[in-house]
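Dumped query_37.txt below, it's compact mmCIF, C-alpha atoms:
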# COMPACT_ATOMS: atom_id res chain seq x y z
CA MET A 1 -27.19 4.32 12.19
CA LYS A 2 -23.96 5.57 10.58
CA LYS A 3 -23.72 5.10 6.84
CA VAL A 4 -20.49 4.81 4.88
CA VAL A 5 -19.90 4.77 1.15
CA LEU A 6 -16.85 2.78 0.06
CA PHE A 7 -15.96 3.62 -3.54
CA MET A 8 -14.45 0.90 -5.71
CA GLU A 9 -13.12 1.03 -9.26
CA ASN A 10 -11.59 -1.53 -11.56
CA GLY A 11 -8.03 -1.79 -10.21
CA SER A 12 -8.85 -0.78 -6.64
CA GLU A 13 -6.70 -2.64 -4.11
CA GLU A 14 -8.90 -5.36 -2.61
CA MET A 15 -7.32 -5.62 0.86
CA GLU A 16 -7.44 -1.85 1.39
CA ALA A 17 -11.08 -1.80 0.30
CA ILE A 18 -12.45 -4.89 2.02
CA THR A 19 -10.72 -4.15 5.33
CA GLN A 20 -12.86 -0.98 5.53
CA LYS A 21 -16.01 -3.00 4.84
CA SER A 22 -15.21 -5.55 7.55
CA ILE A 23 -14.10 -3.15 10.29
CA LEU A 24 -16.77 -0.47 9.76
CA SER A 25 -19.48 -3.15 9.56
CA ARG A 26 -18.22 -4.61 12.86
CA ALA A 27 -18.58 -1.12 14.37
CA GLY A 28 -22.23 -1.12 13.30
CA ALA A 29 -22.04 1.07 10.20
CA GLU A 30 -24.06 0.33 7.10
CA VAL A 31 -21.36 0.24 4.41
CA HIS A 32 -22.36 0.54 0.77
CA ILE A 33 -19.86 -0.37 -1.93
CA ALA A 34 -20.35 2.21 -4.70
CA THR A 35 -19.08 1.41 -8.18
CA LYS A 36 -19.36 3.66 -11.23
CA ASP A 37 -22.43 1.89 -12.62
CA GLY A 38 -23.38 -0.10 -9.51
CA GLY A 39 -22.15 -3.36 -11.03
CA CYS A 40 -19.11 -5.54 -10.41
CA VAL A 41 -15.50 -4.37 -10.46
CA THR A 42 -12.28 -6.35 -10.85
CA THR A 43 -9.69 -5.41 -8.23
CA SER A 44 -5.96 -4.87 -8.75
CA HIS A 45 -5.23 -8.56 -8.06
CA GLY A 46 -8.24 -9.87 -9.97
CA VAL A 47 -11.05 -10.31 -7.45
CA THR A 48 -14.58 -9.77 -8.75
CA ILE A 49 -16.54 -7.71 -6.21
CA GLY A 50 -20.16 -6.67 -6.51
CA GLY A 51 -21.33 -3.09 -6.05
CA ASP A 52 -24.28 -2.05 -3.89
CA CYS A 53 -25.02 1.23 -5.68
CA SER A 54 -23.83 3.52 -8.47
CA TYR A 55 -22.01 6.85 -8.04
CA ALA A 56 -25.02 8.60 -9.60
CA SER A 57 -27.36 7.24 -6.90
CA ILE A 58 -25.40 8.73 -4.00
CA ARG A 59 -26.98 11.58 -2.06
CA VAL A 60 -24.22 13.08 0.08
CA GLU A 61 -26.58 14.00 2.91
CA ASP A 62 -27.45 10.30 3.38
CA TYR A 63 -23.89 9.30 4.38
CA ASP A 64 -21.48 10.03 7.22
CA ALA A 65 -18.21 8.94 5.62
CA PHE A 66 -16.77 8.60 2.12
CA VAL A 67 -13.86 6.21 1.75
CA LEU A 68 -11.43 5.56 -1.13
CA PRO A 69 -9.15 2.51 -1.24
CA GLY A 70 -5.85 2.71 -3.14
CA GLY A 71 -4.56 0.51 -5.93
CA LEU A 72 -3.79 1.18 -9.58
CA PRO A 73 -5.34 2.03 -11.91
CA GLY A 74 -8.31 2.41 -9.55
CA SER A 75 -6.91 5.52 -7.85
CA GLU A 76 -6.26 7.18 -11.22
CA TYR A 77 -9.85 6.45 -12.30
CA PHE A 78 -11.04 8.10 -9.07
CA ALA A 79 -8.86 11.16 -9.73
CA LYS A 80 -10.31 11.63 -13.24
CA ASP A 81 -13.98 11.05 -12.37
CA GLU A 82 -15.74 14.42 -12.22
CA MET A 83 -18.86 12.93 -10.65
CA LEU A 84 -16.81 11.35 -7.86
CA LEU A 85 -14.75 14.52 -7.34
CA GLY A 86 -17.99 16.48 -7.02
CA ILE A 87 -19.26 14.05 -4.37
CA LEU A 88 -15.99 14.36 -2.43
CA ARG A 89 -16.10 18.19 -2.56
CA GLU A 90 -19.70 18.27 -1.37
CA ALA A 91 -18.98 15.74 1.40
CA PHE A 92 -15.94 17.72 2.55
CA ASP A 93 -17.89 21.00 2.54
CA LYS A 94 -20.67 19.37 4.58
CA ASP A 95 -18.08 18.26 7.16
CA LYS A 96 -18.55 14.56 6.45
CA ILE A 97 -15.57 12.22 6.97
CA VAL A 98 -13.59 11.98 3.72
CA ALA A 99 -10.89 9.28 3.75
CA ALA A 100 -8.38 7.89 1.24
CA ILE A 101 -5.43 5.50 1.47
CA CYS A 102 -2.30 4.62 -0.52
CA ALA A 103 -2.51 6.16 -4.03
CA ALA A 104 -6.10 7.35 -3.61
CA PRO A 105 -5.25 10.70 -1.92
CA ILE A 106 -4.44 11.91 -5.47
CA ALA A 107 -8.23 12.07 -5.91
CA LEU A 108 -8.50 14.31 -2.81
CA GLY A 109 -5.88 16.56 -4.43
CA GLU A 110 -7.82 16.67 -7.70
CA ALA A 111 -10.99 17.49 -5.75
CA GLY A 112 -9.15 20.47 -4.29
CA ILE A 113 -9.85 19.58 -0.67
CA LEU A 114 -6.27 19.18 0.60
CA LYS A 115 -5.50 22.92 0.82
CA ASN A 116 -3.86 23.69 4.19
CA LYS A 117 -4.45 20.09 5.25
CA LYS A 118 -1.99 17.49 6.53
CA TYR A 119 -2.18 14.21 4.67
CA THR A 120 -0.26 11.00 3.98
CA CYS A 121 -0.16 8.64 0.98
CA TYR A 122 1.97 5.90 -0.58
CA PRO A 123 5.49 7.37 -0.89
CA GLY A 124 5.89 9.01 -4.29
CA PHE A 125 2.28 9.93 -4.90
CA GLU A 126 2.73 13.16 -2.92
CA LYS A 127 4.57 14.41 -6.04
CA GLU A 128 1.27 14.20 -7.93
CA ILE A 129 -0.54 16.24 -5.29
CA GLN A 130 -0.16 20.02 -5.38
CA ASP A 131 -1.94 21.13 -2.24
CA GLY A 132 -1.61 20.06 1.36
CA GLU A 133 1.26 19.08 3.63
CA TYR A 134 2.55 15.51 3.16
CA THR A 135 3.54 14.09 6.55
CA ALA A 136 4.57 10.52 5.62
CA ALA A 137 2.68 9.25 8.69
CA GLY A 138 1.11 5.78 8.69
CA THR A 139 -2.30 7.37 9.14
CA GLU A 140 -3.15 11.05 9.32
CA LYS A 141 -6.26 12.83 10.57
CA ASP A 142 -6.74 16.54 9.98
CA GLY A 143 -10.26 17.62 10.83
CA ASN A 144 -12.71 15.61 8.74
CA LEU A 145 -9.96 14.37 6.42
CA ILE A 146 -8.37 10.95 7.11
CA THR A 147 -5.55 9.51 4.99
CA GLY A 148 -3.52 6.30 5.11
CA LYS A 149 -0.06 5.51 3.76
CA GLY A 150 -0.47 2.06 2.23
CA PRO A 151 -1.62 -1.56 2.51
CA PHE A 152 0.03 -2.30 5.88
CA TYR A 153 -1.94 0.59 7.38
CA ALA A 154 -5.32 -0.44 5.94
CA LEU A 155 -6.51 -1.86 9.28
CA HIS A 156 -5.32 1.09 11.35
CA PHE A 157 -6.87 3.49 8.82
CA ALA A 158 -10.18 1.65 9.25
CA LEU A 159 -9.91 1.95 13.04
CA VAL A 160 -9.19 5.70 12.79
CA ILE A 161 -12.34 6.10 10.66
CA THR A 162 -14.22 3.96 13.21
CA GLU A 163 -13.09 6.24 16.04
CA ALA A 164 -14.03 9.36 14.07
CA LEU A 165 -17.54 8.00 13.44
CA PHE A 166 -18.29 6.16 16.68
CA GLY A 167 -15.77 7.30 19.30
CA LEU A 168 -12.94 5.66 21.23
CA VAL A 169 -15.03 3.14 23.20
CA LYS A 170 -16.50 1.58 20.04
CA MET A 171 -13.10 1.57 18.31
CA GLU A 172 -11.62 -0.31 21.27
CA GLU A 173 -14.57 -2.73 21.30
CA VAL A 174 -14.01 -3.52 17.63
CA SER A 175 -10.27 -3.85 18.30
CA ARG A 176 -10.87 -6.42 21.03
CA GLY A 177 -13.27 -8.32 18.75
CA ILE A 178 -10.60 -8.70 16.10
CA LEU A 179 -8.03 -9.62 18.81
CA ARG A 180 -6.05 -6.41 18.53
CA GLU A 181 -4.65 -5.41 21.92
CA VAL A 182 -5.88 -2.01 23.15
CA MET B 1 4.80 -20.52 -10.41
CA LYS B 2 3.26 -21.25 -7.02
CA LYS B 3 -0.47 -21.85 -7.02
CA VAL B 4 -2.78 -21.27 -4.08
CA VAL B 5 -6.41 -22.18 -3.61
CA LEU B 6 -8.35 -19.85 -1.31
CA PHE B 7 -11.65 -21.43 -0.32
CA MET B 8 -14.65 -19.17 0.27
CA GLU B 9 -18.12 -19.98 1.49
CA ASN B 10 -21.20 -17.90 2.14
CA GLY B 11 -20.38 -16.30 5.49
CA SER B 12 -16.61 -16.38 5.10
CA GLU B 13 -14.94 -13.33 6.66
CA GLU B 14 -14.03 -11.00 3.79
CA MET B 15 -10.95 -9.31 5.31
CA GLU B 16 -9.40 -12.63 6.34
CA ALA B 17 -10.01 -14.00 2.84
CA ILE B 18 -9.09 -11.04 0.66
CA THR B 19 -5.91 -10.25 2.62
CA GLN B 20 -4.60 -13.68 1.53
CA LYS B 21 -5.47 -12.93 -2.10
CA SER B 22 -3.68 -9.57 -2.05
CA ILE B 23 -0.53 -10.65 -0.20
CA LEU B 24 0.01 -13.98 -1.97
CA SER B 25 -0.62 -12.34 -5.37
CA ARG B 26 1.99 -9.68 -4.49
CA ALA B 27 4.43 -12.52 -3.78
CA GLY B 28 3.82 -13.85 -7.29
CA ALA B 29 1.43 -16.71 -6.53
CA GLU B 30 -1.52 -17.51 -8.75
CA VAL B 31 -4.40 -17.47 -6.27
CA HIS B 32 -7.69 -19.11 -7.23
CA ILE B 33 -10.78 -18.39 -5.18
CA ALA B 34 -12.65 -21.69 -4.95
CA THR B 35 -16.35 -21.65 -4.06
CA LYS B 36 -18.59 -24.67 -3.74
CA ASP B 37 -20.08 -24.33 -7.24
CA GLY B 38 -17.55 -21.85 -8.66
CA GLY B 39 -20.05 -18.97 -8.48
CA CYS B 40 -20.40 -15.96 -6.20
CA VAL B 41 -20.52 -16.06 -2.41
CA THR B 42 -21.80 -13.48 0.07
CA THR B 43 -19.31 -12.84 2.89
CA SER B 44 -20.07 -12.46 6.60
CA HIS B 45 -20.52 -8.68 6.21
CA GLY B 46 -22.37 -8.89 2.92
CA VAL B 47 -19.78 -8.50 0.16
CA THR B 48 -20.50 -10.36 -3.09
CA ILE B 49 -17.27 -12.01 -4.28
CA GLY B 50 -16.88 -14.07 -7.44
CA GLY B 51 -15.32 -17.53 -7.48
CA ASP B 52 -12.64 -18.64 -9.95
CA CYS B 53 -13.35 -22.38 -9.73
CA SER B 54 -15.51 -24.96 -7.98
CA TYR B 55 -14.39 -27.38 -5.25
CA ALA B 56 -15.05 -30.28 -7.66
CA SER B 57 -12.59 -28.87 -10.23
CA ILE B 58 -9.63 -28.84 -7.83
CA ARG B 59 -6.83 -31.32 -8.45
CA VAL B 60 -4.67 -31.28 -5.32
CA GLU B 61 -1.44 -31.94 -7.23
CA ASP B 62 -1.92 -28.65 -9.15
CA TYR B 63 -1.63 -26.48 -6.02
CA ASP B 64 1.01 -25.63 -3.43
CA ALA B 65 -1.18 -24.22 -0.67
CA PHE B 66 -4.79 -24.55 0.53
CA VAL B 67 -6.11 -21.66 2.60
CA LEU B 68 -9.31 -21.26 4.65
CA PRO B 69 -10.53 -17.87 5.94
CA GLY B 70 -12.63 -17.72 9.09
CA GLY B 71 -16.05 -16.20 9.60
CA LEU B 72 -19.43 -17.67 10.45
CA PRO B 73 -21.27 -19.56 9.16
CA GLY B 74 -18.56 -20.02 6.48
CA SER B 75 -16.23 -21.98 8.79
CA GLU B 76 -19.06 -24.30 9.81
CA TYR B 77 -19.90 -24.96 6.16
CA PHE B 78 -16.23 -25.82 5.57
CA ALA B 79 -16.25 -28.23 8.53
CA LYS B 80 -19.31 -30.10 7.21
CA ASP B 81 -18.24 -30.30 3.55
CA GLU B 82 -16.99 -33.83 2.87
CA MET B 83 -15.54 -32.86 -0.51
CA LEU B 84 -13.54 -30.03 1.05
CA LEU B 85 -12.40 -32.20 3.96
CA GLY B 86 -11.19 -34.80 1.46
CA ILE B 87 -9.18 -32.14 -0.41
CA LEU B 88 -7.61 -30.95 2.86
CA ARG B 89 -6.67 -34.52 3.88
CA GLU B 90 -5.11 -35.24 0.49
CA ALA B 91 -3.24 -31.91 0.50
CA PHE B 92 -1.94 -32.53 4.02
CA ASP B 93 -0.81 -36.07 3.13
CA LYS B 94 0.99 -34.75 0.05
CA ASP B 95 2.85 -32.25 2.27
CA LYS B 96 1.20 -29.20 0.71
CA ILE B 97 0.72 -26.09 2.87
CA VAL B 98 -2.68 -26.29 4.61
CA ALA B 99 -3.69 -23.07 6.38
CA ALA B 100 -6.74 -21.86 8.32
CA ILE B 101 -7.51 -18.79 10.43
CA CYS B 102 -10.01 -17.71 13.11
CA ALA B 103 -12.91 -20.22 13.27
CA ALA B 104 -11.77 -22.18 10.21
CA PRO B 105 -9.34 -24.50 12.05
CA ILE B 106 -12.48 -26.44 13.09
CA ALA B 107 -12.42 -27.76 9.51
CA LEU B 108 -8.83 -28.96 9.99
CA GLY B 109 -10.02 -30.77 13.10
CA GLU B 110 -12.91 -32.38 11.21
CA ALA B 111 -10.47 -33.43 8.47
CA GLY B 112 -8.46 -35.22 11.16
CA ILE B 113 -5.18 -33.52 10.31
CA LEU B 114 -4.47 -31.80 13.64
CA LYS B 115 -3.32 -34.95 15.51
CA ASN B 116 -0.07 -34.20 17.38
CA LYS B 117 0.02 -30.75 15.78
CA LYS B 118 0.26 -27.34 17.40
CA TYR B 119 -2.41 -24.91 16.20
CA THR B 120 -4.16 -21.66 17.05
CA CYS B 121 -7.69 -20.37 16.37
CA TYR B 122 -10.18 -17.73 17.55
CA PRO B 123 -10.45 -18.21 21.34
CA GLY B 124 -13.30 -20.61 22.13
CA PHE B 125 -13.23 -22.62 18.94
CA GLU B 126 -10.50 -24.85 20.37
CA LYS B 127 -13.34 -26.42 22.41
CA GLU B 128 -14.83 -27.70 19.15
CA ILE B 129 -11.54 -29.29 18.11
CA GLN B 130 -10.63 -32.68 19.61
CA ASP B 131 -7.12 -33.24 18.30
CA GLY B 132 -4.01 -31.11 18.39
CA GLU B 133 -2.44 -28.73 20.89
CA TYR B 134 -4.02 -25.26 21.06
CA THR B 135 -1.27 -22.70 21.68
CA ALA B 136 -3.27 -19.41 21.58
CA ALA B 137 -0.47 -17.86 19.47
CA GLY B 138 -1.28 -15.12 16.95
CA THR B 139 -0.02 -17.37 14.18
CA GLU B 140 1.26 -20.92 14.45
CA LYS B 141 3.29 -23.02 12.02
CA ASP B 142 3.81 -26.73 12.66
CA GLY B 143 5.31 -28.44 9.64
CA ASN B 144 3.02 -27.88 6.65
CA LEU B 145 0.17 -26.67 8.85
CA ILE B 146 -0.30 -22.91 9.38
CA THR B 147 -3.02 -21.44 11.59
CA GLY B 148 -4.02 -17.92 12.60
CA LYS B 149 -5.92 -16.65 15.62
CA GLY B 150 -8.28 -14.06 14.17
CA PRO B 151 -8.88 -10.97 12.00
CA PHE B 152 -6.06 -8.83 13.45
CA TYR B 153 -3.60 -11.59 12.46
CA ALA B 154 -4.89 -11.99 8.88
CA LEU B 155 -1.97 -10.04 7.42
CA HIS B 156 0.70 -11.80 9.48
CA PHE B 157 -0.89 -15.17 8.66
CA ALA B 158 -0.62 -14.25 4.95
CA LEU B 159 3.05 -13.35 5.39
CA VAL B 160 3.77 -16.65 7.18
CA ILE B 161 2.20 -18.51 4.24
CA THR B 162 4.24 -16.31 1.87
CA GLU B 163 7.46 -17.24 3.68
CA ALA B 164 6.54 -20.95 3.67
CA LEU B 165 5.96 -20.86 -0.09
CA PHE B 166 8.61 -18.41 -1.27
CA GLY B 167 11.17 -18.00 1.53
CA LEU B 168 12.23 -15.15 3.80
CA VAL B 169 13.65 -12.84 1.12
CA LYS B 170 10.37 -12.74 -0.82
CA MET B 171 8.33 -12.32 2.36
CA GLU B 172 10.49 -9.32 3.30
CA GLU B 173 10.18 -7.91 -0.23
CA VAL B 174 6.38 -8.13 -0.02
CA SER B 175 6.51 -6.60 3.47
CA ARG B 176 8.48 -3.60 2.21
CA GLY B 177 6.05 -3.21 -0.71
CA ILE B 178 3.11 -2.89 1.65
CA LEU B 179 5.16 -0.55 3.92
CA ARG B 180 5.54 -3.04 6.76
CA GLU B 181 8.90 -2.55 8.49
CA VAL B 182 11.19 -5.60 8.33
What does the file become when written as structure tokens?
Amino acid sequence: MKKVVLFMENGSEEMEAITQKSILSRAGAEVHIATKDGGCVTTSHGVTIGGDCSYASIRVEDYDAFVLPGGLPGSEYFAKDEMLLGILREAFDKDKIVAAICAAPIALGEAGILKNKKYTCYPGFEKEIQDGEYTAAGTEKDGNLITGKGPFYALHFALVITEALFGLVKMEEVSRGILREV
Amino acid sequence: MKKVVLFMENGSEEMEAITQKSILSRAGAEVHIATKDGGCVTTSHGVTIGGDCSYASIRVEDYDAFVLPGGLPGSEYFAKDEMLLGILREAFDKDKIVAAICAAPIALGEAGILKNKKYTCYPGFEKEIQDGEYTAAGTEKDGNLITGKGPFYALHFALVITEALFGLVKMEEVSRGILREV
């Protein structure tokens, strides 16, 4: 069983977040929505979404992938959260999948894990990121680091994470299930 | 101000639902998530999402569009809910936008509003729908009725609803904002 932690903050973008939950669940992953205190958050367009666990409860070794949706101010909260940044550093060092989309790669920059890595993000946010090579791709995968450019790419980003966790055959199976041509 | 009601049941598909909330909010619509009693629902892959209002509180004349996400058993609950079916009939008769994706068009069939209408749905569910002409398109628009085939089309379905409510220029503006090429 693959386990994924999907972080959500107040002001996280709901489509970018929930698309990961749907697609990775379809692939067979157990996806836990982690919020700061384990309670509800309110997304960037005002959806109330319940958390499954708190940041403090997360043991990195229990999970295979760590995913950050974009949205403001959610991405800025991520980038300033020392506990979250510590989790991301530990996950990266343990060669777990670490993934962020839209504005959320700023948190990967703050965690210091973009050095010598290719990444993408919502155009403009690369100016807030010191390390790494911004490629402007729709989705980018460099080793265990996966990044997405913005909302339109949320689904493809989820499928790239699916392939990284489960392989091509499962990714194509999920794609057919959602009626995406493969 | 355009107002949209997005119905959600226990077992509604979260990506199909929340994509509508994100995209239509970006267009400037006020989007209310309506649940049976106005409280939380648990989606088909286990996300807890809060409602903004109950079915009973909805006055059809206050809204411009009525949207149903797919997912099971959510779509079946929709199709058996006489209060919801009454709302859909009244909305359709008042020439409001009525939209459903994936398995949820079965509720449009139960409401009796697919007669002489082209529609699409997740392949197989057309067998549960007596009226209308199933086209198997990714998205279908016939007058004030908009239908979508399945999860992969959730975003396009949202953009078709956006264009129906706000026009082409706004739909293209939203598309550029999410980094979709237009």
If we count all atoms listed in the file, which residues of chain B reach to within 7 Å of chain A? Please list them as an MDAnalysis selection string.
-> chainID B and resid 14:15 18:19 22 25 45 47:50 150:152 178:180
Output of the above residues as a PDB file, in the frame of the given file, restricted to C-alpha atoms:
ATOM      1  CA  GLU B  14     -14.030 -11.000   3.790  1.00  0.00           C
ATOM      2  CA  MET B  15     -10.950  -9.310   5.310  1.00  0.00           C
ATOM      3  CA  ILE B  18      -9.090 -11.040   0.660  1.00  0.00           C
ATOM      4  CA  THR B  19      -5.910 -10.250   2.620  1.00  0.00           C
ATOM      5  CA  SER B  22      -3.680  -9.570  -2.050  1.00  0.00           C
ATOM      6  CA  SER B  25      -0.620 -12.340  -5.370  1.00  0.00           C
ATOM      7  CA  HIS B  45     -20.520  -8.680   6.210  1.00  0.00           C
ATOM      8  CA  VAL B  47     -19.780  -8.500   0.160  1.00  0.00           C
ATOM      9  CA  THR B  48     -20.500 -10.360  -3.090  1.00  0.00           C
ATOM     10  CA  ILE B  49     -17.270 -12.010  -4.280  1.00  0.00           C
ATOM     11  CA  GLY B  50     -16.880 -14.070  -7.440  1.00  0.00           C
ATOM     12  CA  GLY B 150      -8.280 -14.060  14.170  1.00  0.00           C
ATOM     13  CA  PRO B 151      -8.880 -10.970  12.000  1.00  0.00           C
ATOM     14  CA  PHE B 152      -6.060  -8.830  13.450  1.00  0.00           C
ATOM     15  CA  ILE B 178       3.110  -2.890   1.650  1.00  0.00           C
ATOM     16  CA  LEU B 179       5.160  -0.550   3.920  1.00  0.00           C
ATOM     17  CA  ARG B 180       5.540  -3.040   6.760  1.00  0.00           C
TER      18      ARG B 180
END
For the atom pair CA of Gly124 in chain A and CA of Ile101 in chain A, what is the interatomic distance in Å to one decimal place?
-> 13.2 Å
Show which residues sit within 10 Å of Glu126 in chain B, as a ChimeraX atom specification. Count only C-alpha atoms, and ignore same-chain residues fewer than 6 positions away.
-> /B:103,105-106,109,119-120,132-136
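Distance check against Leu68 in chain B using all atoms listed in the file: of B:Lys36, B:Val160, B:Ala100, B:Glu110, the minimum falls on B:Ala100.
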I'd like the neighbourhood of Gly143 in chain A as a PDB file with C-alpha atoms, keeping the file's coordinate frame, where a residue qualifies if any of its atoms comes within 10 Å (using all atoms listed in the file), though same-chain residues fewer than 2 positions away should be ignored.
ATOM      1  CA  ASP A  95     -18.080  18.260   7.160  1.00  0.00           C
ATOM      2  CA  LYS A  96     -18.550  14.560   6.450  1.00  0.00           C
ATOM      3  CA  ILE A  97     -15.570  12.220   6.970  1.00  0.00           C
ATOM      4  CA  VAL A  98     -13.590  11.980   3.720  1.00  0.00           C
ATOM      5  CA  LYS A 117      -4.450  20.090   5.250  1.00  0.00           C
ATOM      6  CA  LYS A 118      -1.990  17.490   6.530  1.00  0.00           C
ATOM      7  CA  GLU A 140      -3.150  11.050   9.320  1.00  0.00           C
ATOM      8  CA  LYS A 141      -6.260  12.830  10.570  1.00  0.00           C
ATOM      9  CA  LEU A 145      -9.960  14.370   6.420  1.00  0.00           C
ATOM     10  CA  ILE A 146      -8.370  10.950   7.110  1.00  0.00           C
ATOM     11  CA  ALA A 164     -14.030   9.360  14.070  1.00  0.00           C
TER      12      ALA A 164
END
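The closest residue to Ala111 in chain B, picked from B:Lys127, B:Glu172, B:Leu84, B:Glu9 and counting all atoms listed in the file, is B:Leu84.
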CA of Ala104 in chain B to CA of Gly71 in chain A: how many Å, to one decimal?
-> 28.8 Å
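We find CA of Leu165 in chain B and CA of Pro73 in chain A to be spaced 28.1 Å apart.
Within 10 Å of Met1 in chain A, once all atoms listed in the file are used and residues closer than 6 positions along the same chain are dropped, the contacting residues are Gly28, Ala29, Glu30, Tyr63 and Asp64 of chain A.
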Give the centre and edge lengths of an axis-aligned box, in Å to one decimal, that holds all listed atoms of range 110-113 of chain A with 4 Å on each side, as JSON.
{"center_x": -9.4, "center_y": 18.6, "center_z": -4.2, "size_x": 11.2, "size_y": 11.8, "size_z": 15.0}
